[in-house]
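> My structure is stored as coords-v1.cif, with mmCIF, C-alpha atoms and all ligand atoms.
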data_my_file
loop_
_atom_site.label_atom_id
_atom_site.label_comp_id
_atom_site.auth_asym_id
_atom_site.auth_seq_id
_atom_site.Cartn_x
_atom_site.Cartn_y
_atom_site.Cartn_z
CA MET A 3 0.00 0.00 0.00
CA ALA A 4 1.26 3.52 -0.76
CA ALA A 5 2.82 5.15 2.29
CA ASN A 6 0.65 8.26 2.00
CA LEU A 7 -2.49 6.20 2.60
CA GLN A 8 -1.25 4.96 5.96
CA PRO A 9 -2.66 7.95 7.89
CA SER A 10 -6.10 7.20 6.49
CA LEU A 11 -6.02 3.62 7.71
CA GLU A 12 -4.92 4.92 11.09
CA ARG A 13 -7.68 7.51 11.08
CA LEU A 14 -10.20 4.83 10.20
CA ALA A 15 -9.03 2.84 13.22
CA GLN A 16 -9.28 5.93 15.45
CA ASN A 17 -12.81 6.64 14.25
CA ILE A 18 -13.88 3.06 14.86
CA VAL A 19 -12.57 3.28 18.41
CA LEU A 20 -14.48 6.57 18.81
CA LEU A 21 -17.59 4.78 17.40
CA LYS A 22 -18.12 7.43 14.71
CA ASP A 23 -20.04 5.36 12.22
CA ALA A 24 -20.62 7.97 9.48
CA ALA A 25 -16.91 8.87 9.42
CA CYS A 26 -16.02 5.17 9.30
CA ARG A 27 -18.27 4.58 6.30
CA ARG A 28 -16.83 7.60 4.50
CA MET A 29 -13.21 6.65 5.20
CA THR A 30 -13.71 3.03 4.25
CA LYS A 31 -15.17 4.12 0.94
CA GLN A 32 -12.24 6.49 0.36
CA LEU A 33 -9.66 3.85 1.18
CA LEU A 34 -11.26 1.23 -1.03
CA THR A 35 -11.69 3.69 -3.90
CA ALA A 36 -8.00 4.57 -3.53
CA GLY A 37 -7.18 0.91 -4.07
CA VAL A 38 -6.21 -0.14 -0.56
CA ASN A 39 -6.32 -3.93 -0.23
CA PRO A 40 -9.65 -4.97 1.41
CA THR A 41 -7.82 -7.45 3.64
CA GLU A 42 -5.66 -4.64 4.97
CA VAL A 43 -8.77 -2.63 5.82
CA MET A 44 -10.19 -5.63 7.68
CA GLU A 45 -7.00 -6.12 9.68
CA VAL A 46 -7.09 -2.51 10.85
CA CYS A 47 -10.75 -2.88 11.82
CA GLN A 48 -10.05 -6.04 13.79
CA GLN A 49 -7.30 -4.27 15.76
CA ALA A 50 -9.63 -1.32 16.45
CA LEU A 51 -12.27 -3.69 17.78
CA VAL A 52 -9.73 -5.19 20.15
CA GLU A 53 -9.21 -1.64 21.49
CA ILE A 54 -12.96 -1.28 21.95
CA GLY A 55 -12.97 -4.56 23.85
CA LYS A 56 -10.29 -3.16 26.18
CA LYS A 57 -12.35 -0.03 26.77
CA TYR A 58 -15.31 -2.26 27.62
CA GLU A 59 -13.17 -4.27 30.04
CA SER A 60 -11.86 -1.12 31.72
CA GLY A 61 -15.38 0.27 32.16
CA GLU A 62 -14.89 3.18 29.76
CA TYR A 63 -17.41 1.69 27.31
CA PHE A 64 -20.56 -0.25 28.13
CA ILE A 65 -22.48 -2.93 26.21
CA ALA A 66 -23.90 -0.18 23.96
CA GLY A 67 -20.33 0.47 22.81
CA LEU A 68 -19.91 -3.19 21.83
CA ILE A 69 -23.22 -3.11 19.97
CA MET A 70 -22.24 0.04 18.08
CA ALA A 71 -18.82 -1.41 17.29
CA GLY A 72 -20.44 -4.57 15.95
CA ASP A 73 -22.74 -2.48 13.79
CA ILE A 74 -19.86 -0.39 12.39
CA MET A 75 -17.89 -3.54 11.67
CA LYS A 76 -20.84 -5.08 9.83
CA GLN A 77 -21.21 -1.97 7.68
CA ILE A 78 -17.51 -2.08 6.81
CA ILE A 79 -17.64 -5.80 6.00
CA ASP A 80 -20.62 -5.12 3.71
CA MET A 81 -18.54 -2.52 1.85
CA VAL A 82 -15.41 -4.65 1.66
CA LEU A 83 -16.74 -8.05 0.62
CA PRO A 84 -18.19 -7.09 -2.77
CA LEU A 85 -14.75 -5.81 -3.74
CA VAL A 86 -12.97 -9.07 -3.12
CA GLU A 87 -12.15 -10.44 -6.53
CA LYS A 88 -14.25 -13.51 -7.25
CA PRO A 89 -13.35 -16.26 -9.65
CA GLU A 90 -16.09 -16.55 -12.29
CA LYS A 91 -16.75 -20.22 -11.71
CA PRO A 92 -15.05 -21.25 -8.51
CA PRO A 93 -13.81 -24.82 -8.46
CA THR A 94 -14.74 -26.90 -5.47
CA ARG A 95 -11.56 -26.78 -3.47
CA GLY A 96 -12.92 -28.52 -0.40
CA ARG A 97 -15.72 -28.50 2.13
CA VAL A 98 -15.50 -26.30 5.20
CA LEU A 99 -17.96 -26.48 8.11
CA ILE A 100 -18.01 -23.40 10.34
CA GLY A 101 -19.92 -22.12 13.34
CA THR A 102 -19.71 -20.22 16.61
CA VAL A 103 -19.72 -22.56 19.61
CA ALA A 104 -22.49 -22.87 22.21
CA GLY A 105 -23.13 -19.89 24.46
CA ASP A 106 -21.57 -17.40 22.07
CA ILE A 107 -23.38 -15.15 19.59
CA HIS A 108 -20.38 -13.29 18.13
CA ASP A 109 -20.45 -13.89 14.40
CA LEU A 110 -18.71 -11.09 12.49
CA GLY A 111 -15.32 -12.79 12.23
CA LYS A 112 -16.89 -16.15 11.37
CA ASN A 113 -19.09 -14.59 8.68
CA MET A 114 -16.11 -12.85 7.16
CA ALA A 115 -14.04 -16.02 7.16
CA GLY A 116 -16.94 -17.92 5.58
CA ALA A 117 -17.49 -15.31 2.88
CA MET A 118 -13.79 -15.18 2.06
CA LEU A 119 -13.49 -18.97 1.82
CA THR A 120 -16.53 -19.08 -0.46
CA THR A 121 -14.87 -16.50 -2.66
CA TYR A 122 -11.76 -18.66 -2.84
CA GLY A 123 -13.77 -21.61 -4.08
CA TYR A 124 -14.55 -23.59 -0.94
CA GLU A 125 -17.97 -25.05 -0.27
CA VAL A 126 -18.82 -23.52 3.10
CA LYS A 127 -21.59 -24.66 5.41
CA ASP A 128 -22.21 -22.13 8.17
CA LEU A 129 -24.11 -23.45 11.19
CA GLY A 130 -24.55 -19.96 12.67
CA VAL A 131 -24.07 -19.05 16.32
CA ASP A 132 -24.62 -20.77 19.65
CA VAL A 133 -24.04 -24.18 18.07
CA LYS A 134 -24.02 -27.16 20.42
CA PRO A 135 -21.26 -29.80 20.09
CA GLU A 136 -23.79 -32.48 19.06
CA VAL A 137 -25.04 -30.28 16.22
CA PHE A 138 -21.50 -29.88 14.88
CA LEU A 139 -21.15 -33.66 15.03
CA GLU A 140 -24.41 -34.42 13.22
CA GLU A 141 -23.66 -31.88 10.50
CA ALA A 142 -20.12 -33.17 10.11
CA LYS A 143 -21.49 -36.69 9.57
CA THR A 144 -23.62 -35.60 6.64
CA PHE A 145 -21.56 -32.74 5.15
CA ARG A 146 -18.25 -34.61 5.54
CA PRO A 147 -16.05 -31.51 5.71
CA HIS A 148 -12.35 -31.49 4.98
CA ILE A 149 -11.96 -28.65 7.44
CA VAL A 150 -14.01 -27.58 10.47
CA GLY A 151 -13.65 -23.98 11.73
CA LEU A 152 -14.88 -23.24 15.24
CA SER A 153 -15.26 -19.69 16.48
CA SER A 154 -15.32 -18.75 20.16
CA LEU A 155 -14.79 -15.17 21.26
CA MET A 156 -15.38 -15.63 24.95
CA THR A 157 -13.38 -17.49 27.53
CA SER A 158 -16.65 -19.02 28.74
CA GLY A 159 -16.89 -20.67 25.31
CA HIS A 160 -13.62 -22.55 25.67
CA SER A 161 -15.17 -25.53 27.41
CA PHE A 162 -17.70 -25.88 24.54
CA LEU A 163 -14.87 -25.56 22.09
CA ILE A 164 -12.97 -28.35 23.77
CA GLN A 165 -16.11 -30.51 23.98
CA THR A 166 -16.85 -29.94 20.31
CA VAL A 167 -13.36 -30.85 19.13
CA GLN A 168 -13.27 -33.92 21.36
CA LEU A 169 -16.69 -35.09 20.19
CA LEU A 170 -15.66 -34.74 16.54
CA ARG A 171 -12.42 -36.57 17.24
CA GLN A 172 -14.11 -39.41 19.12
CA ARG A 173 -17.22 -39.91 17.05
CA LEU A 174 -16.22 -39.39 13.45
CA PRO A 175 -14.66 -42.42 11.82
CA ALA A 176 -10.91 -42.14 11.37
CA SER A 177 -11.35 -42.04 7.60
CA ASP A 178 -13.53 -38.91 7.93
CA ARG A 179 -11.28 -37.02 10.29
CA PRO A 180 -11.41 -33.31 9.38
CA VAL A 181 -8.67 -30.80 10.10
CA ILE A 182 -9.98 -28.55 12.87
CA PHE A 183 -9.30 -24.80 13.16
CA ILE A 184 -10.22 -22.76 16.17
CA SER A 185 -10.45 -18.99 16.17
CA GLY A 186 -11.53 -15.94 18.12
CA ALA A 187 -10.34 -13.08 20.28
CA MET A 188 -9.51 -15.03 23.42
CA ILE A 189 -8.04 -18.18 21.88
CA VAL A 190 -4.63 -19.10 23.18
CA GLU A 191 -2.28 -21.92 22.30
CA ASN A 192 -3.09 -23.86 25.46
CA VAL A 193 -6.77 -24.03 24.42
CA ARG A 194 -5.69 -25.59 21.14
CA LYS A 195 -3.55 -28.12 22.97
CA ARG A 196 -6.27 -28.95 25.49
CA SER A 197 -8.91 -29.36 22.81
CA GLY A 198 -6.82 -31.32 20.34
CA ALA A 199 -7.62 -28.89 17.50
CA ASP A 200 -5.03 -28.73 14.74
CA TYR A 201 -4.59 -24.99 14.22
CA VAL A 202 -5.39 -21.59 15.67
CA VAL A 203 -6.24 -18.98 13.05
CA ASN A 204 -6.19 -15.31 13.96
CA ASN A 205 -7.52 -13.62 10.88
CA VAL A 206 -9.04 -14.24 7.49
CA ALA A 207 -5.72 -14.05 5.63
CA GLU A 208 -4.28 -16.79 7.83
CA THR A 209 -7.42 -18.89 7.39
CA VAL A 210 -7.37 -18.77 3.60
CA PHE A 211 -3.61 -19.31 3.49
CA LEU A 212 -3.83 -22.36 5.72
CA CYS A 213 -6.74 -23.88 3.79
CA GLU A 214 -4.78 -23.45 0.57
CA ARG A 215 -1.72 -25.10 2.11
CA LEU A 216 -3.76 -28.00 3.38
CA MET A 217 -5.46 -28.54 0.04
CA VAL A 218 -2.17 -28.35 -1.86
CA SER A 219 -0.67 -30.90 0.51
CA SER A 220 -3.71 -33.06 0.03
CA SER A 221 -3.39 -32.96 -3.77
CA LYS A 222 0.35 -33.70 -3.58
CA ASN A 223 -0.57 -36.86 -1.75
CA GLY A 224 -2.56 -37.96 -4.74
CA LEU A 225 -5.88 -37.17 -3.12
CA ASN A 226 -6.85 -34.28 -5.31
CA SER A 227 -9.52 -36.12 -7.27
CA ASN A 228 -11.42 -36.83 -4.10
CA LEU A 229 -11.55 -33.11 -3.34
CA LYS A 230 -13.64 -32.51 -6.39
CA ASP A 231 -16.31 -35.09 -5.87
CA ASP A 232 -18.35 -36.55 -3.06
CA ALA A 233 -16.13 -39.49 -2.38
CA GLY A 234 -15.30 -38.24 1.08
CA PRO A 235 -12.83 -36.02 2.76
CA PRO A 236 -9.32 -36.81 1.50
CA ILE A 237 -7.68 -34.31 3.74
CA ALA A 238 -8.92 -36.41 6.59
CA ARG A 239 -6.43 -38.97 5.48
CA ALA A 240 -3.71 -36.46 4.67
CA LYS A 241 -1.85 -35.31 7.73
CA ALA A 242 -1.83 -31.53 7.94
CA PRO A 243 1.63 -30.31 6.98
CA PRO A 244 3.82 -28.49 9.46
CA LEU A 245 4.24 -24.93 8.27
CA ASP A 246 7.61 -24.23 9.76
CA PRO A 247 10.89 -26.09 9.64
CA ALA A 248 10.62 -27.02 13.30
CA GLY A 249 7.37 -28.76 12.57
CA ASP A 250 5.16 -26.58 14.75
CA PRO A 251 2.29 -25.18 12.68
CA GLN A 252 1.60 -22.57 15.33
CA LYS A 253 4.92 -20.89 14.68
CA ALA A 254 4.12 -20.43 11.02
CA SER A 255 3.90 -16.87 9.83
CA PRO A 256 1.55 -16.70 6.86
CA PRO A 257 1.61 -13.69 4.54
CA ARG A 258 -0.33 -10.62 5.58
CA ARG A 259 -2.91 -11.27 2.92
CA PRO A 260 -4.18 -14.38 1.19
CA PRO A 261 -2.97 -15.48 -2.20
CA ASN A 262 -4.99 -14.53 -5.27
CA PRO A 263 -8.21 -16.47 -5.71
CA PRO A 264 -7.82 -19.53 -7.86
CA ALA A 265 -8.40 -19.18 -11.58
CA SER A 266 -11.82 -20.31 -12.68
CA GLY A 267 -12.45 -23.71 -14.23
C1 LIG A 301 -18.49 -6.55 18.56
C2 LIG A 301 -18.47 -7.31 19.87
C3 LIG A 301 -19.71 -7.74 20.37
C4 LIG A 301 -21.01 -7.69 19.57
C5 LIG A 301 -20.98 -8.86 18.55
C6 LIG A 301 -21.74 -8.56 17.27
C7 LIG A 301 -21.64 -9.73 16.33
N1 LIG A 301 -22.64 -9.83 15.48
O1 LIG A 301 -20.71 -10.53 16.33
C8 LIG A 301 -22.10 -7.90 20.68
C9 LIG A 301 -22.61 -6.55 21.13
C10 LIG A 301 -23.30 -8.77 20.30
C11 LIG A 301 -21.27 -8.51 21.80
C12 LIG A 301 -21.84 -9.15 22.88
C13 LIG A 301 -21.11 -9.59 23.97
N2 LIG A 301 -19.79 -9.48 24.18
CO1 LIG A 301 -18.57 -8.91 22.80
N3 LIG A 301 -17.26 -8.15 21.72
C14 LIG A 301 -17.25 -7.55 20.57
C15 LIG A 301 -15.83 -7.09 20.17
C16 LIG A 301 -15.69 -5.61 20.51
C17 LIG A 301 -15.44 -7.31 18.71
C18 LIG A 301 -15.60 -8.74 18.16
C19 LIG A 301 -15.49 -8.70 16.67
O2 LIG A 301 -16.48 -8.78 15.95
N4 LIG A 301 -14.26 -8.52 16.14
C20 LIG A 301 -13.99 -8.36 14.70
C21 LIG A 301 -13.80 -9.70 14.03
C22 LIG A 301 -13.60 -9.45 12.54
O3 LIG A 301 -12.64 -10.29 14.57
P1 LIG A 301 -12.63 -11.76 15.23
O4 LIG A 301 -13.95 -12.08 15.75
O5 LIG A 301 -11.43 -11.86 16.09
O6 LIG A 301 -12.47 -12.68 13.97
C23 LIG A 301 -11.29 -12.79 13.20
C24 LIG A 301 -10.47 -14.02 13.49
O7 LIG A 301 -10.56 -14.43 14.80
C25 LIG A 301 -10.94 -15.02 12.49
N5 LIG A 301 -12.14 -15.77 12.83
C26 LIG A 301 -13.08 -15.48 13.71
N6 LIG A 301 -14.02 -16.37 13.73
C27 LIG A 301 -13.68 -17.30 12.84
C28 LIG A 301 -14.33 -18.48 12.49
C29 LIG A 301 -13.75 -19.30 11.57
C30 LIG A 301 -14.48 -20.54 11.18
C31 LIG A 301 -12.55 -18.97 11.01
C32 LIG A 301 -11.94 -19.89 10.04
C33 LIG A 301 -11.88 -17.77 11.34
C34 LIG A 301 -12.47 -16.94 12.25
O8 LIG A 301 -11.22 -14.27 11.37
C35 LIG A 301 -11.78 -13.02 11.80
C36 LIG A 301 -11.48 -11.93 10.83
O9 LIG A 301 -10.12 -11.60 10.76
C37 LIG A 301 -14.95 -8.01 21.10
C38 LIG A 301 -13.55 -7.48 21.42
C39 LIG A 301 -12.44 -8.28 20.76
N7 LIG A 301 -11.31 -8.30 21.41
O10 LIG A 301 -12.59 -8.89 19.76
C40 LIG A 301 -15.87 -8.16 22.32
C41 LIG A 301 -15.78 -9.37 23.26
C42 LIG A 301 -15.54 -10.64 22.47
N8 LIG A 301 -17.09 -9.41 23.88
C43 LIG A 301 -17.03 -9.70 25.13
C44 LIG A 301 -18.16 -9.83 25.99
C45 LIG A 301 -17.88 -10.00 27.47
C46 LIG A 301 -19.47 -9.77 25.48
C47 LIG A 301 -20.77 -9.97 26.27
C48 LIG A 301 -20.76 -11.09 27.33
C49 LIG A 301 -21.16 -8.62 26.91
C50 LIG A 301 -22.39 -8.65 27.82
N9 LIG A 301 -22.21 -8.25 29.05
O11 LIG A 301 -23.46 -9.01 27.40
C51 LIG A 301 -21.75 -10.28 25.13
C52 LIG A 301 -21.78 -11.78 24.83
C53 LIG A 301 -23.03 -12.31 24.30
C54 LIG A 301 -22.88 -13.77 23.94
N10 LIG A 301 -23.48 -14.66 24.69
O12 LIG A 301 -22.18 -14.12 22.99
C55 LIG A 301 -15.60 -9.93 25.60
C56 LIG A 301 -15.26 -11.37 25.89
C57 LIG A 301 -14.32 -11.43 27.07
C58 LIG A 301 -14.01 -12.81 27.56
N11 LIG A 301 -12.93 -12.90 28.26
O13 LIG A 301 -14.71 -13.76 27.34
C59 LIG A 301 -14.77 -9.23 24.50
C60 LIG A 301 -13.40 -9.85 24.21
C61 LIG A 301 -14.60 -7.75 24.93
C62 LIG A 301 -13.68 -7.60 26.11
N12 LIG A 301 -12.40 -7.35 25.92
O14 LIG A 301 -14.15 -7.70 27.21
N13 LIG A 301 -19.95 -8.32 21.60
#
Can the structure from this file be put into structure tokens for me?

Amino acid sequence: MAANLQPSLERLAQNIVLLKDAACRRMTKQLLTAGVNPTEVMEVCQQALVEIGKKYESGEYFIAGLIMAGDIMKQIIDMVLPLVEKPEKPPTRGRVLIGTVAGDIHDLGKNMAGAMLTTYGYEVKDLGVDVKPEVFLEEAKTFRPHIVGLSSLMTSGHSFLIQTVQLLRQRLPASDRPVIFISGAMIVENVRKRSGADYVVNNVAETVFLCERLMVSSSKNGLNSNLKDDAGPPIARAKAPPLDPAGDPQKASPPRRPPNPPASG
């Protein structure tokens, strides 16, 4: 991005934190018209929302502040998503099942991740919010996803997250074992370890990057044909690749934005 646009991204972040919705709409439009990468706009928004969360925690903002922030974020997402370049006829790159775990109604990040993955050619099934572990299991049995993405923004959701991952691990046949991502503001590495999930993803760019890596690995293992039909989830049989030389996927540092969407056909 051109250096002279940086102040505008910063000012957008400041205005989000100040909950000035009209200014945020105007600035987002200006930034996008000026050609700033939509993913970069989203990253700045996400950071601003973390600041709002801190103000809520410290008592400076109340629940109304969170509601307004959520509304501003939704308006920005609505402006950004149509500008993400879409392949004309997206190939089916794999099935992804997503949802926000029980007890949690935060959905902005999940919706964004789902929309972005759809754009990149994945078949996404979104179970919505407040999804019980058993519902994830039943849907996974019929949809047979290659990847499951669980969102949990509250610490109180961690136990549901762990239950959901464990249920999927225990009850899906080994041949249908999906790769499991967990995501959300309060996720820490020890939650991943305790749950048995494969990866933590912190933003949409990371999510798309990781899905692409997993699918490439899957096709290198000669499983690509299965990705394109209903024969079942090949990635289940392909061990997720380590993304760093030390073999710890959590230490991987994906690019700041996802690769270009796949060519159509
Ligand atoms: C906006 C907001 C709300 C809005 C949500 C609107 C909506 N439709 O989602 C509303 C007002 C509803 C809300 C309610 C509450 N909230 Co709130 N909320 C936030 C806030 C400020 C921003 C969240 C957000 O949308 N971020 C922007 C998105 C884009 O980022 P993201 O969610 O991190 O998602 C990114 C990645 O994680 C990833 N990703 C996320 N999900 C997924 C899913 C998949 C499948 C994949 C692949 C990737 C992925 O990609 C995303 C994009 O980059 C956060 C603060 C924060 N630190 O995040 C608090 C926060 C999450 N809320 C909090 C709280 C406490 C609450 C309430 C309990 C308040 C109350 N007293 O009622 C309620 C909870 C209600 C409930 N049962 O769920 C706390 C949780 C604290 C904790 N320790 O648990 C936080 C952290 C604020 C804070 N610091 O105190 N909230």
> If I take atom CA of Leu163 of chain A and atom CA of Gly111 of chain A, how far is one from the other in Å, to one decimal?
16.1 Å
> Please report the interatomic distance between atom CA of Ala15 of chain A and atom O2 of ligand LIG 301 (chain A) in Å with one decimal.
14.1 Å
> I need the residue nearest ligand LIG 301 (chain A) from this list: A:Gly151, A:Gly96, A:Gly123, A:Gly67. Use all atoms listed in the file for the distance.
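Counting all atoms listed in the file, the residue closest to ligand LIG 301 (chain A) is A:Gly151.
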> In the coordinate frame of the file, compute which residues have an atom within 10 Å of (-21.5, -12.5, 5.7) when using all atoms listed in the file, and state them as a list in words.
Lys76, Ile79, Asp80, Leu83, Asp109, Leu110, Gly111, Lys112, Asn113, Met114, Ala115, Gly116, Ala117, Met118 and Asp128 of chain A
> Could you list, as a list of chain:residue names, every residue within 12 Å of Gln165 of chain A, counting only C-alpha atoms and ignoring same-chain residues fewer than 2 positions away?
A:Val103, A:Ala104, A:Val133, A:Lys134, A:Pro135, A:Glu136, A:Val137, A:Phe138, A:Leu139, A:Leu152, A:Gly159, A:His160, A:Ser161, A:Phe162, A:Leu163, A:Val167, A:Gln168, A:Leu169, A:Leu170, A:Arg171, A:Gln172, A:Arg173, A:Val193, A:Arg194, A:Arg196, A:Ser197, A:Gly198, A:Ala199
> Would you list the contacts of Gly37 of chain A as JSON, numbers by chain, taking every protein, DNA or RNA residue within 12 Å and counting all atoms listed in the file, but skipping same-chain residues closer than 3 positions in sequence?
{"A": [3, 4, 7, 30, 31, 32, 33, 34, 40, 41, 42, 43, 82, 85, 86]}
> Work out how far atom O3 of ligand LIG 301 (chain A) is from atom CA of His108 of chain A, in Å to one decimal.
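Atom-to-atom, atom CA of His108 of chain A and atom O3 of ligand LIG 301 (chain A) are spaced 9.0 Å apart.
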> Could you give me, as a list in words, the residues within 6 Å of segment 176-189 of chain A, counting only C-alpha atoms and dropping anything in the same chain fewer than 2 positions from it?
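Counting only the stated atoms, we get His148, Ile149, Val150, Gly151, Leu152, Ser153, Ser154, Leu155, Ala199, Asp200, Tyr201, Val202, Val203, Pro235 and Ala238 of chain A.
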> Nearest to Pro175 of chain A: which of A:Ser158, A:Arg146, A:Cys26, A:Asn192 is it, counting all atoms listed in the file?
A:Arg146
> Tell me which of A:Glu208, A:Asp132, A:Glu214, A:Glu59 sits closest to ligand LIG 301 (chain A), counting all atoms listed in the file.
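For ligand LIG 301 (chain A), the nearest of the candidates is A:Glu59.
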> Which residue is closest to ligand LIG 301 (chain A)? Choose from A:Cys213, A:Ile78, A:Ala25, A:Val206 and count only C-alpha atoms and all ligand atoms.
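Of all the options, A:Val206 lies closest to ligand LIG 301 (chain A).
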> Taking into account all atoms listed in the file, which residue in the set A:Arg95, A:Leu20, A:Arg27, A:Met81 is nearest to Tyr63 of chain A?
A:Leu20
> Would you fill out segment 170-181 of chain A with N, CA and C atoms and return it as a compact mmCIF listing (two decimals), in the frame of the given file?

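Output file rebuild.txt is given in full below:
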# COMPACT_ATOMS: atom_id res chain seq x y z
N LEU A 170 -15.96 -34.46 17.95
CA LEU A 170 -15.66 -34.74 16.54
C LEU A 170 -14.54 -35.77 16.42
N ARG A 171 -13.55 -35.63 17.27
CA ARG A 171 -12.42 -36.57 17.24
C ARG A 171 -12.86 -37.99 17.60
N GLN A 172 -13.72 -38.07 18.64
CA GLN A 172 -14.11 -39.41 19.12
C GLN A 172 -15.15 -40.08 18.24
N ARG A 173 -16.06 -39.28 17.67
CA ARG A 173 -17.22 -39.91 17.05
C ARG A 173 -17.19 -39.99 15.53
N LEU A 174 -16.31 -39.24 14.91
CA LEU A 174 -16.22 -39.39 13.45
C LEU A 174 -15.26 -40.52 13.15
N PRO A 175 -15.58 -41.33 12.16
CA PRO A 175 -14.66 -42.42 11.82
C PRO A 175 -13.30 -41.86 11.40
N ALA A 176 -12.26 -42.62 11.66
CA ALA A 176 -10.91 -42.14 11.37
C ALA A 176 -10.76 -41.70 9.92
N SER A 177 -11.48 -42.38 9.03
CA SER A 177 -11.35 -42.04 7.60
C SER A 177 -12.00 -40.69 7.28
N ASP A 178 -12.85 -40.19 8.16
CA ASP A 178 -13.53 -38.91 7.93
C ASP A 178 -13.00 -37.80 8.84
N ARG A 179 -11.79 -37.94 9.28
CA ARG A 179 -11.28 -37.02 10.29
C ARG A 179 -10.92 -35.66 9.68
N PRO A 180 -11.72 -34.60 9.97
CA PRO A 180 -11.41 -33.31 9.38
C PRO A 180 -10.26 -32.62 10.12
N VAL A 181 -9.63 -31.68 9.43
CA VAL A 181 -8.67 -30.80 10.10
C VAL A 181 -9.50 -29.75 10.84
